[in-house]
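Source file: upload31.txt (compact mmCIF, C-alpha atoms)
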```
# COMPACT_ATOMS: atom_id res chain seq x y z
CA MET A 1 116.01 25.86 83.52
CA ASN A 2 117.80 29.00 82.50
CA LYS A 3 119.59 30.94 85.25
CA THR A 4 117.56 34.07 84.51
CA LEU A 5 114.28 32.17 84.71
CA LYS A 6 115.31 30.71 88.08
CA HIS A 7 116.00 34.18 89.38
CA VAL A 8 112.65 35.47 88.09
CA HIS A 9 110.89 32.52 89.76
CA GLU A 10 112.63 33.28 93.08
CA VAL A 11 111.71 36.98 92.89
CA VAL A 12 108.06 36.21 92.09
CA ALA A 13 107.82 33.67 94.93
CA ASP A 14 109.44 36.13 97.35
CA ASN A 15 107.03 38.88 96.27
CA ILE A 16 104.02 36.59 96.69
CA ALA A 17 105.19 35.66 100.19
CA LEU A 18 105.74 39.33 101.02
CA VAL A 19 102.27 40.32 99.79
CA LEU A 20 100.66 37.50 101.79
CA ASN A 21 102.60 38.60 104.89
CA ILE A 22 101.40 42.17 104.46
CA ILE A 23 97.78 41.08 103.93
CA GLY A 24 98.01 38.86 107.02
CA TRP A 25 99.33 41.57 109.30
CA VAL A 26 96.87 44.15 107.94
CA SER A 27 94.05 41.72 108.67
CA VAL A 28 95.22 41.11 112.24
CA VAL A 29 95.82 44.78 113.04
CA SER A 30 92.61 45.98 111.39
CA GLY A 31 90.59 43.34 113.24
CA VAL A 32 91.94 44.51 116.59
CA ILE A 33 91.52 48.22 115.76
CA LEU A 34 88.00 47.69 114.42
CA GLY A 35 87.16 45.64 117.51
CA LEU A 36 88.40 48.42 119.78
CA LEU A 37 86.51 51.13 117.89
CA LEU A 38 83.25 49.22 117.67
CA GLY A 39 83.59 47.79 121.19
CA VAL A 40 84.02 51.20 122.77
CA THR A 41 81.11 52.75 120.90
CA ALA A 42 78.72 49.85 121.58
CA LYS A 43 76.45 50.36 124.56
CA GLY A 44 75.81 46.92 126.00
CA ALA A 45 77.83 44.29 124.20
CA GLY A 46 81.17 46.05 123.76
CA LEU A 47 83.29 43.11 124.89
CA VAL A 48 81.44 40.67 122.66
CA ILE A 49 81.88 42.94 119.65
CA PHE A 50 85.56 43.43 120.45
CA ILE A 51 86.19 39.68 120.75
CA GLY A 52 84.21 38.96 117.58
CA CYS A 53 86.06 41.52 115.49
CA THR A 54 89.42 40.51 116.90
CA ILE A 55 88.85 36.84 116.14
CA GLY A 56 87.49 37.85 112.74
CA GLY A 57 90.80 39.54 112.01
CA LEU A 58 93.07 36.96 113.63
CA ILE A 59 91.83 33.87 111.80
CA PRO A 60 92.25 35.10 108.22
CA GLY A 61 95.44 36.91 109.23
CA ALA A 62 96.92 33.71 110.61
CA LEU A 63 95.93 31.85 107.44
CA PHE A 64 97.62 34.42 105.22
CA LEU A 65 100.74 34.41 107.40
CA GLY A 66 100.80 30.61 107.29
CA PHE A 67 100.48 30.50 103.51
CA ALA A 68 103.27 33.07 103.23
CA LYS A 69 105.53 30.89 105.39
CA VAL A 70 104.72 27.83 103.28
CA ILE A 71 105.70 29.72 100.12
CA GLU A 72 108.93 30.90 101.76
CA LEU A 73 109.82 27.36 102.81
CA LEU A 74 108.96 25.88 99.41
CA THR A 75 111.11 28.54 97.73
CA ALA A 76 113.99 27.70 100.07
CA ILE A 77 113.61 24.00 99.30
CA ALA A 78 113.55 24.72 95.55
CA ASN A 79 116.65 26.91 95.86
CA LYS A 80 118.43 24.26 97.90
CA GLY A 81 117.65 21.63 95.24
CA THR A 82 118.91 23.81 92.41
CA ALA A 83 122.00 24.87 94.39
CA ASN A 84 123.07 21.22 94.62
CA GLY A 85 122.93 20.91 90.85
CA SER A 86 119.90 18.67 90.78
CA ASN A 87 116.65 19.44 89.07
CA GLY A 88 114.63 19.03 92.25
CA GLU A 89 113.80 15.39 91.70
CA THR A 90 115.03 12.67 93.99
CA GLY A 91 116.95 10.01 92.16
CA ALA A 92 116.86 6.32 92.96
CA SER A 93 120.27 6.52 94.62
CA GLU A 94 119.07 9.28 96.97
CA LYS A 95 115.99 7.41 98.20
CA GLN A 96 116.19 5.80 101.61
CA SER A 97 115.93 2.08 101.71
CA GLY A 98 114.46 0.05 104.52
CA SER A 99 111.14 -0.92 105.90
CA ALA A 100 108.77 1.18 107.93
CA GLY A 101 109.78 -0.78 111.01
CA ASP A 102 113.25 0.77 110.82
CA TYR A 103 111.79 4.19 111.52
CA LEU A 104 108.96 3.38 113.94
CA PRO A 105 109.53 2.98 117.68
CA GLU A 106 108.74 -0.34 119.31
CA LEU A 107 105.65 -0.40 121.48
```

As structure tokens, how would this structure be written, given the file I've shared?
Amino acid sequence: MNKTLKHVHEVVADNIALVLNIIGWVSVVSGVILGLLLGVTAKGAGLVIFIGCTIGGLIPGALFLGFAKVIELLTAIANKGTANGSNGETGASEKQSGSAGDYLPEL
């Protein structure tokens, strides 16, 4: 792959990870703020509304943050593979030999 195309790919992957991070944190913060606002104004079930809105912001926020981290790690792995001069594929000489018993503990 051309050096310029590699750089463009890295920039795009970094931007995607950044956007997912921003969306994740906005989701978390807005869920907590919305929970506080609605929980305070509710008459009887303020705590339930607060917990519901907070969880409703935390779960998607955590998913977006997790996907952003996966993209960052995959980009780092791709950069590491290209930095070594390989094309990202593992050759036959690089594969580990041995049976599964070599890596599993004895019971």

Rounded to one decimal in Å, what is the spacing between CA of Gly61 (chain A) and CA of Leu18 (chain A)?
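Calculated distance between CA of Gly61 (chain A) and CA of Leu18 (chain A) is 13.4 Å.
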
I need the residue nearest Leu20 (chain A) from this list: A:Leu73, A:Ala45, A:Leu63, A:Leu107. Use all atoms listed in the file for the distance.
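Of all the options, A:Leu63 lies closest to Leu20 (chain A).
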
Can you tell me which residues surround region 32-43 of chain A at a distance of at most 12 Å, considering all atoms listed in the file, apart from same-chain residues fewer than 4 positions away, and format the answer as a list in words?
Trp25, Val26, Ser27, Val28, Leu47, Val48, Ile49, Phe50, Ile51, Gly52, Cys53, Thr54, Ile55, Gly56, Gly57, Leu58, Ile59 and Gly61 of chain A

As lines of an AutoDock Vina configuration file: centre and edge lengths in Å, one decimal, of the axis-aligned box holding region 16-26 of chain A with 6 Å per side:
```
center_x = 101.3
center_y = 39.9
center_z = 103.0
size_x = 20.9
size_y = 20.5
size_z = 24.6
```

Write out as a list in words which residues come within 9 Å of Thr75 (chain A) when counting all atoms listed in the file, dropping same-chain ones fewer than 6 positions away.
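Here the answer would be His9, Glu10, Ala13 and Asp14 of chain A.
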
Quick one: distance from CA of Val12 (chain A) to CA of Glu72 (chain A) in Å, one decimal?
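Straight-line distance from CA of Val12 (chain A) to CA of Glu72 (chain A) works out to 11.1 Å.
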
Would you compute the distance between CA of Pro60 (chain A) and CA of Val11 (chain A)? Give it in Å to one decimal.
24.8 Å
